[in-house]
Structures are given as C-alpha cells and as structure tokens.
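Just protein-v4.cif here, mmCIF, C-alpha atoms:
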```cif
data_target
loop_
_atom_site.label_atom_id
_atom_site.label_comp_id
_atom_site.auth_asym_id
_atom_site.auth_seq_id
_atom_site.Cartn_x
_atom_site.Cartn_y
_atom_site.Cartn_z
CA MET A 1 41.53 124.32 42.49
CA ALA A 2 41.35 120.56 42.15
CA GLY A 3 43.87 120.46 39.32
CA TRP A 4 46.78 122.56 38.13
CA GLU A 5 46.09 126.25 37.67
CA SER A 6 48.43 128.95 36.50
CA ALA A 7 49.40 131.58 39.02
CA THR A 8 51.23 134.87 38.69
CA LEU A 9 53.92 135.99 41.12
CA ARG A 10 52.72 139.32 42.50
CA ASP A 11 55.49 140.13 44.96
CA LYS A 12 58.60 138.58 46.42
CA ARG A 13 60.32 139.44 49.69
CA THR A 14 63.67 138.31 50.97
CA GLU A 15 63.40 136.62 54.36
CA THR A 16 66.96 135.41 54.96
CA ALA A 17 70.06 134.85 52.83
CA ARG A 18 68.54 131.54 51.72
CA ALA A 19 64.80 132.10 51.83
CA ALA A 20 62.18 134.30 50.22
CA THR A 21 58.43 134.66 50.50
CA LEU A 22 56.56 134.52 47.20
CA HIS A 23 53.11 136.09 47.01
CA PHE A 24 50.94 134.61 44.27
CA ALA A 25 47.72 135.79 42.76
CA ALA A 26 45.85 132.62 41.89
CA ASP A 27 42.57 132.71 39.98
CA GLY A 28 39.87 130.60 41.56
CA TRP A 29 41.79 130.12 44.83
CA PRO A 30 39.16 128.66 47.16
CA GLY A 31 40.90 129.77 50.37
CA HIS A 32 42.95 127.60 52.65
CA ARG A 33 43.36 126.49 56.25
CA ALA A 34 46.41 127.17 58.39
CA GLY A 35 48.93 124.36 57.91
CA GLN A 36 48.02 123.42 54.35
CA HIS A 37 50.46 123.41 51.45
CA VAL A 38 50.42 123.73 47.68
CA ASP A 39 52.18 121.82 44.95
CA VAL A 40 54.24 124.01 42.63
CA ARG A 41 55.01 122.80 39.10
CA LEU A 42 57.58 124.33 36.77
CA THR A 43 57.78 123.46 33.09
CA ALA A 44 60.99 124.02 31.14
CA GLU A 45 61.01 125.08 27.48
CA ASP A 46 61.75 121.50 26.46
CA GLY A 47 58.70 120.28 28.36
CA TYR A 48 60.58 118.86 31.36
CA GLN A 49 58.52 119.29 34.51
CA ALA A 50 59.56 119.47 38.14
CA GLN A 51 57.18 119.62 41.06
CA ARG A 52 57.57 120.31 44.79
CA SER A 53 55.32 120.97 47.78
CA TYR A 54 55.60 124.20 49.76
CA SER A 55 53.75 125.22 52.88
CA ILE A 56 51.52 128.26 52.85
CA ALA A 57 52.79 130.99 55.17
CA SER A 58 49.86 133.38 54.93
CA PRO A 59 46.80 132.99 57.14
CA PRO A 60 43.38 132.06 55.73
CA GLU A 61 42.29 135.62 56.49
CA ASP A 62 44.56 137.10 53.77
CA ASP A 63 42.00 136.85 50.99
CA GLY A 64 43.38 136.26 47.53
CA ASP A 65 47.01 136.12 48.67
CA VAL A 66 48.84 132.82 48.64
CA ALA A 67 52.23 133.36 50.26
CA LEU A 68 54.85 130.60 50.15
CA THR A 69 58.13 130.90 52.01
CA VAL A 70 60.75 128.87 50.17
CA GLU A 71 64.24 128.00 51.34
CA ARG A 72 66.88 127.47 48.67
CA LEU A 73 68.34 123.97 48.52
CA ASP A 74 71.55 124.32 46.53
CA ASP A 75 71.05 121.02 44.71
CA GLY A 76 67.32 121.59 44.33
CA GLU A 77 65.46 121.60 41.02
CA VAL A 78 62.74 124.04 41.99
CA SER A 79 63.76 126.13 45.01
CA PRO A 80 66.79 127.93 43.42
CA TYR A 81 64.51 129.18 40.64
CA LEU A 82 61.78 130.29 43.06
CA VAL A 83 64.16 132.02 45.49
CA ASP A 84 66.71 133.54 43.09
CA GLU A 85 65.23 133.89 39.63
CA MET A 86 61.46 134.09 39.56
CA ALA A 87 60.35 137.73 39.30
CA PRO A 88 56.99 139.47 39.74
CA GLY A 89 54.88 138.89 36.67
CA ASP A 90 56.35 135.44 36.06
CA MET A 91 54.00 132.49 36.10
CA CYS A 92 54.02 128.91 37.30
CA GLU A 93 51.40 126.30 38.09
CA LEU A 94 49.90 125.69 41.50
CA ARG A 95 47.72 122.89 42.81
CA GLY A 96 45.97 123.25 46.12
CA PRO A 97 45.32 123.95 48.86
CA ILE A 98 46.36 120.45 49.89
CA GLY A 99 46.11 118.55 53.16
CA GLY A 100 43.57 118.48 55.95
CA TRP A 101 45.39 116.60 58.69
CA PHE A 102 48.27 118.94 59.57
CA VAL A 103 45.95 121.93 60.01
CA TRP A 104 44.82 124.02 62.93
CA ASP A 105 41.79 126.26 63.19
CA VAL A 106 41.16 128.59 66.13
CA ALA A 107 37.92 126.64 66.63
CA ASP A 108 40.01 123.53 67.37
CA GLY A 109 41.14 125.21 70.59
CA GLY A 110 44.30 124.57 72.49
CA PRO A 111 46.67 124.79 74.12
CA LEU A 112 48.63 125.00 70.90
CA LEU A 113 52.18 123.68 70.87
CA LEU A 114 54.25 124.41 67.78
CA VAL A 115 57.73 123.00 67.31
CA GLY A 116 59.61 123.95 64.16
CA GLY A 117 63.03 123.16 62.75
CA GLY A 118 64.40 125.64 60.20
CA SER A 119 61.89 126.31 57.43
CA GLY A 120 59.51 123.93 59.22
CA VAL A 121 58.21 127.08 60.88
CA VAL A 122 56.34 128.09 57.71
CA PRO A 123 53.04 126.22 58.24
CA LEU A 124 53.28 126.99 61.97
CA MET A 125 53.53 130.69 61.09
CA SER A 126 50.29 130.42 59.15
CA MET A 127 48.71 129.03 62.34
CA LEU A 128 50.10 131.88 64.48
CA ARG A 129 49.01 134.50 61.94
CA HIS A 130 45.56 132.90 61.82
CA ARG A 131 45.39 132.94 65.62
CA ALA A 132 46.48 136.61 65.69
CA ALA A 133 44.08 137.64 62.90
CA LEU A 134 41.15 136.29 64.93
CA ARG A 135 42.55 137.81 68.16
CA SER A 136 42.36 134.37 69.71
CA ASP A 137 43.56 133.97 73.28
CA VAL A 138 44.19 130.23 72.96
CA PRO A 139 47.45 129.62 74.87
CA ALA A 140 50.18 129.00 72.33
CA ARG A 141 53.88 128.24 72.43
CA LEU A 142 56.35 128.13 69.57
CA LEU A 143 59.72 126.45 69.97
CA LEU A 144 61.85 127.20 66.94
CA SER A 145 65.22 125.66 66.22
CA ALA A 146 67.52 127.47 63.77
CA ARG A 147 71.18 127.36 62.93
CA SER A 148 71.70 131.03 63.80
CA LEU A 149 69.69 134.22 64.27
CA GLU A 150 70.30 135.04 60.59
CA ASP A 151 68.48 131.83 59.66
CA VAL A 152 65.32 132.56 61.68
CA LEU A 153 62.38 133.15 59.38
CA TYR A 154 59.98 135.95 60.40
CA ALA A 155 62.24 136.95 63.31
CA ASP A 156 60.88 140.50 63.65
CA GLU A 157 57.27 139.45 63.27
CA LEU A 158 57.68 136.67 65.83
CA ARG A 159 59.16 139.14 68.32
CA THR A 160 56.26 141.55 67.78
CA LEU A 161 53.68 138.80 68.16
CA ASP A 162 55.40 137.50 71.29
CA ASP A 163 55.68 140.96 72.91
CA GLY A 164 52.07 141.89 72.26
CA ASP A 165 50.37 138.70 73.38
CA GLU A 166 50.44 137.33 76.92
CA ALA A 167 49.00 134.01 75.80
CA LEU A 168 51.83 133.43 73.31
CA ASP A 169 55.40 132.43 74.09
CA VAL A 170 58.09 132.17 71.45
CA THR A 171 61.31 130.34 72.33
CA LEU A 172 64.33 130.11 70.05
CA THR A 173 67.24 127.71 70.16
CA PHE A 174 70.36 128.02 68.02
CA THR A 175 72.20 124.91 66.88
CA ARG A 176 75.33 126.51 65.39
CA THR A 177 75.89 130.16 66.26
CA ALA A 178 74.11 132.18 68.92
CA PRO A 179 74.22 135.99 69.13
CA PRO A 180 76.99 137.23 71.51
CA ASP A 181 74.59 138.30 74.28
CA TRP A 182 72.36 135.23 73.94
CA THR A 183 71.30 133.63 77.22
CA GLY A 184 68.77 131.19 75.77
CA TYR A 185 69.09 127.66 74.41
CA GLN A 186 72.08 126.71 72.24
CA ARG A 187 71.49 123.12 71.27
CA ARG A 188 69.18 120.87 69.33
CA VAL A 189 65.67 120.41 70.68
CA ASP A 190 65.75 117.54 73.16
CA ARG A 191 63.55 115.96 75.79
CA ALA A 192 64.74 118.29 78.57
CA MET A 193 64.06 121.38 76.47
CA LEU A 194 60.59 120.14 75.61
CA GLU A 195 59.94 119.43 79.26
CA ASP A 196 60.82 123.10 80.00
CA VAL A 197 59.06 124.74 77.08
CA ALA A 198 56.16 122.54 76.02
CA PHE A 199 52.91 122.47 77.95
CA ALA A 200 52.55 119.64 80.43
CA ALA A 201 51.16 116.46 78.92
CA ASP A 202 48.19 116.75 81.32
CA ASP A 203 47.20 120.01 79.61
CA ARG A 204 46.68 117.93 76.47
CA PRO A 205 48.14 120.44 74.00
CA ARG A 206 47.60 120.01 70.29
CA ALA A 207 51.14 119.62 69.05
CA TYR A 208 52.32 120.38 65.50
CA VAL A 209 55.91 119.44 64.69
CA CYS A 210 57.43 120.38 61.34
CA GLY A 211 60.93 120.37 59.92
CA PRO A 212 63.60 118.03 58.60
CA THR A 213 62.75 114.34 59.05
CA PRO A 214 65.30 113.55 61.83
CA PHE A 215 64.20 116.66 63.75
CA VAL A 216 60.50 115.80 63.50
CA GLU A 217 60.97 112.18 64.51
CA SER A 218 63.16 113.06 67.48
CA VAL A 219 60.78 115.76 68.76
CA ALA A 220 57.68 113.59 68.30
CA ALA A 221 59.33 110.67 70.11
CA SER A 222 60.36 112.94 73.01
CA LEU A 223 56.85 114.36 73.33
CA VAL A 224 55.34 110.88 73.47
CA ASP A 225 58.04 109.91 75.96
CA LEU A 226 56.97 112.87 78.12
CA GLY A 227 53.46 111.47 78.18
CA HIS A 228 51.82 113.41 75.36
CA ASP A 229 49.00 111.58 73.62
CA PRO A 230 50.37 110.38 70.24
CA GLY A 231 46.97 111.16 68.76
CA LEU A 232 47.51 114.85 69.56
CA VAL A 233 51.02 115.04 68.09
CA LYS A 234 50.86 115.82 64.38
CA THR A 235 53.97 115.79 62.28
CA GLU A 236 55.04 117.04 58.88
CA ARG A 237 58.42 115.90 57.54
CA PHE A 238 60.24 118.12 55.07
CA GLY A 239 62.88 115.48 54.34
CA ALA A 240 66.58 115.67 55.03
CA THR A 241 67.00 119.32 54.14
CA GLY A 242 69.78 120.05 56.60
CA SER A 243 69.29 122.56 59.45
CA MET B 244 65.73 106.87 50.79
CA GLU B 245 64.25 109.94 52.38
CA ARG B 246 61.30 109.33 54.70
CA LEU B 247 58.48 111.80 54.34
CA ASP B 248 54.88 111.43 55.49
CA GLY B 249 51.37 111.36 54.12
CA ASN B 250 51.27 115.14 53.89
CA ALA B 251 53.88 115.00 51.12
CA ALA B 252 51.70 112.64 49.07
CA ALA B 253 48.48 114.58 49.67
CA GLY B 254 48.43 116.20 46.22
CA LEU B 255 48.95 112.89 44.46
CA LEU B 256 46.33 111.19 46.66
CA GLN B 257 43.91 113.97 45.80
CA GLU B 258 44.54 113.18 42.15
CA VAL B 259 43.76 109.49 42.75
CA PHE B 260 40.78 109.78 45.08
CA ALA B 261 39.44 113.22 44.04
CA ARG B 262 39.18 114.31 47.66
CA GLU B 263 41.31 115.28 50.62
CA MET B 264 42.81 112.05 51.95
CA THR B 265 45.23 112.91 54.79
CA THR B 266 42.43 112.86 57.38
CA ALA B 267 41.28 109.39 56.22
CA MET B 268 42.10 106.47 58.53
CA GLU B 269 43.77 103.47 56.92
CA THR B 270 44.23 100.04 58.47
CA CYS B 271 47.40 98.14 57.65
CA ALA B 272 46.77 94.64 56.25
CA SER B 273 49.98 93.34 57.88
CA CYS B 274 49.75 94.51 61.49
CA GLY B 275 46.18 95.71 61.73
CA ARG B 276 47.07 99.10 63.20
CA ALA B 277 45.08 102.11 62.06
CA SER B 278 46.72 105.40 61.13
CA ALA B 279 45.73 108.73 59.66
CA VAL B 280 46.92 108.81 56.07
CA GLY B 281 48.70 112.08 56.95
CA ALA B 282 50.85 110.12 59.42
CA VAL B 283 51.92 107.20 57.21
CA HIS B 284 55.53 107.04 56.08
CA VAL B 285 56.04 108.04 52.47
CA TYR B 286 58.97 107.46 50.13
CA MET B 287 59.03 109.35 46.85
CA ASP B 288 62.61 108.88 45.60
CA GLY B 289 61.84 105.81 43.50
CA PRO B 290 59.86 105.47 40.31
CA GLY B 291 56.63 105.54 42.27
CA THR B 292 55.27 106.81 45.56
CA VAL B 293 55.25 104.24 48.36
CA LEU B 294 53.15 104.60 51.51
CA ARG B 295 54.21 102.48 54.47
CA CYS B 296 52.55 101.69 57.78
CA PRO B 297 54.08 103.94 60.50
CA THR B 298 53.91 101.04 62.97
CA CYS B 299 55.34 98.06 61.04
CA GLU B 300 56.70 99.66 57.83
CA ALA B 301 54.76 97.28 55.57
CA VAL B 302 53.73 98.82 52.24
CA VAL B 303 50.09 99.94 52.48
CA MET B 304 49.80 101.69 49.13
CA CYS B 305 51.87 102.16 46.02
CA ILE B 306 51.18 104.67 43.26
CA VAL B 307 53.07 104.61 40.00
CA ARG B 308 52.56 106.90 37.05
CA VAL B 309 53.08 105.19 33.70
CA ARG B 310 52.81 107.81 30.97
CA GLU B 311 49.31 109.29 31.41
CA ASN B 312 48.06 106.52 33.69
CA LEU B 313 48.18 106.11 37.45
CA HIS B 314 48.56 102.56 38.76
CA VAL B 315 47.44 102.15 42.35
CA ASP B 316 48.21 99.04 44.42
CA LEU B 317 46.07 98.92 47.54
CA SER B 318 46.73 95.31 48.55
CA GLY B 319 48.58 96.34 51.73
CA MET B 320 45.61 98.21 53.11
CA ARG B 321 42.85 96.26 54.82
CA ARG B 322 40.39 99.13 54.86
CA ILE B 323 40.16 102.86 54.66
CA GLU B 324 37.70 105.10 56.42
CA LEU B 325 37.07 108.44 54.75
CA ARG B 326 36.69 111.34 57.16
#
```

Please rewrite the model in this file as structure tokens.
Amino acid sequence: MAGWESATLRDKRTETARAATLHFAADGWPGHRAGQHVDVRLTAEDGYQAQRSYSIASPPEDDGDVALTVERLDDGEVSPYLVDEMAPGDMCELRGPIGGWFVWDVADGGPLLLVGGGSGVVPLMSMLRHRAALRSDVPARLLLSARSLEDVLYADELRTLDDGDEALDVTLTFTRTAPPDWTGYQRRVDRAMLEDVAFAADDRPRAYVCGPTPFVESVAASLVDLGHDPGLVKTERFGATGS
Amino acid sequence: MERLDGNAAAGLLQEVFAREMTTAMETCASCGRASAVGAVHVYMDGPGTVLRCPTCEAVVMCIVRVRENLHVDLSGMRRIELR
C-alpha cells in the first residue's frame, strides 16, 4: 500500500477508559514489521481532511489484521472519533506500513530493551507479540511507565507473557497513583531505575524507547549516560501527549 | 513547537522519495554529522514539515505542500545514503 487505501473497521475493543484497539481489514495489506506505524486519514463531509500516525499493535504474524491502539486526546482531531465514535463497518483511509528504522525482528537478536511511556507501549507490544509468536528466547525486558494501573495498556496480556516466559521481564512504574499493595516503582523513569532494570551497557542491548517527547529524550539521555551505545538506542517521539 | 522525530515524517517522506526513508543516513550540511533519518528532529506544527539535525538543530530538509504540489528544500543536507 504505497498510497492511501480504504480500510474497514472490523472490530473494536476497549483497552482503558481512554484507549481502544481498532482492528482493520485492509485490502492489499502487504504485511508489516514490529514497530511500524500507519497513517490514518479521515475526510469530513465538507471535504476537510485530518491525518495522524498510529503505531501498529498487532504482530506481523497476525495475517490480514491491522490492529491500532489509539489513546483519546481530548483536544485531538482524529483520536476522539477513532476511540469513541467509529463503529465496525465504518471506513477510513490508511497508508502504510510506514517506517523501517524503529523496527525489531526476532532475527535482529538481543538482548531487547523496551522502554515505554503511556501509549508509547503500542509499537513495543507489537515487538513482544512478534517475539512470543515465534517462541523466541531472546532476553527481553519491558519497562513501562503509566499514570496508574488503570492506564496500563494490555495489562493482563503483559502479566501472562511475563509469567510464562523466563527470558522476559516486565516492570511497571506508576507516576500518579499506585495500587494500595504496590511495592514496585512509583516515580518517573530515571537513571537509577534504568540502571536497575535495563541490561548492562556491556550486554549491548537493542533499546527501543517510545512515548511522549520529554519522556523519550530523558530516557535516551540516561541510557547513553549509563554507557549504552547511542547507535543501539532507537527512539520514537509521540509528542507532548501528557502521561 | 512540538519536537517529533523522523518516524513521524516517514509517510510524507515515502510520498516524496517513493521508498522507505527512515533507515537512510543523512549528513548535515552545517555540522557534518550523519544521522539516520528516523532519528532527525521533526517539527510539523507549521505550514510545512521541517527536519532538523539532531546534533546541531540546523534545518536539513523542509517539505511544504502547496495545493497539489510538494516543494522540497534539501539545501541543508550534504548527502543522503539510501539503505
């Protein structure tokens, strides 16, 4: 799909109070790689068009299913429609898959270090699902920062993946409200947390950092400060979307 | 202005170059540092899309859509290696 193609919403699932996963059936979808995104274009009756990029949540192995997890931005032009209004059977236009730099294939090897802020976990989830689908034993760690447990995308699935896989560790940190019995991290991701959770720089992990711009820049700077090779730290900024 | 990165401009770049561009390596004409296009700083709030060098923040590429036409200014980029 080099240009814009129409796509039909097949199914929609609520993820959190602010986010939903939209499953599209797209004709001529050539398949994607974990970490890629698509551009979504909406056209109003008067011809006005709005366009945004959303990361693909589904793994390459889910043939014919393009799943996008979208978080509602209250002042957004596109996300409120996608999360709250668009219903199965409705159509929009998609362009993609897009991107080849912020991608990870099992064949790339590891260790794999994933650091996500809020909905920045979406492309990282595609990587973890891809890794699980191929039963890869590449050592992997996910550090996910969220405002509260209610804001964690894929919480149940992440717990299941973590419990069933010795080579995978999932660590959560809450920046606003932690559950009452929580004994884990309760602050923003910082250098000390990365030193605890991330692989040692000498292990040369492939790091993927995704989330709001300030989050991504702070995490990437801390990783480099800890001795990680800047060439192995890939970043994707979602902009100043809060979280 | 909200700083994004080359990933956010990947769809537009694909429109311009008719191929995946985020893995390409560009060299900034101002400071001479090379960077993956996926890692450059991108600003999309203005009338066009501006790509800046992640090292020195000089403009390396500017893409503006005027009606049906795309205008691409590449004067800030010394070279680009397609990968």

So how many Å separate CA of Phe215 (chain A) and CA of Leu256 (chain B), to one decimal?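 According to the coordinates, CA of Phe215 (chain A) and CA of Leu256 (chain B) are separated by 25.3 Å.
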
Counting all atoms listed in the file, closest pick from A:Val138, A:Val40, A:Ala67, A:Ala26 relative to chain B is A:Val40

I want to know what sits within 9 Å of Leu325 (chain B), based on all atoms listed in the file, with residues of the same chain fewer than 5 positions away left out; could you give that as a list of chain:residue names?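 Residues near the query, excluding close chain neighbours: B:Met264, B:Thr266, B:Ala267, B:Met268, B:Glu269.
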
>> For the PyMOL selection byres ((chain B) within 8 of (chain A)), applied here, can you spell out every residue it catches as number ranges by chain?
In response: B: 245-248, 250-251, 253-254, 257-258, 261, 263-266, 279, 281-282

### Task
Point out the residue among A:Ala201, A:Leu9, A:Ala167, A:Val66 with the least atom-to-atom distance to Ser222 (chain A), counting all atoms listed in the file.
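Of A:Ala201, A:Leu9, A:Ala167, A:Val66, the one nearest Ser222 (chain A) is A:Ala201, counting all atoms listed in the file.
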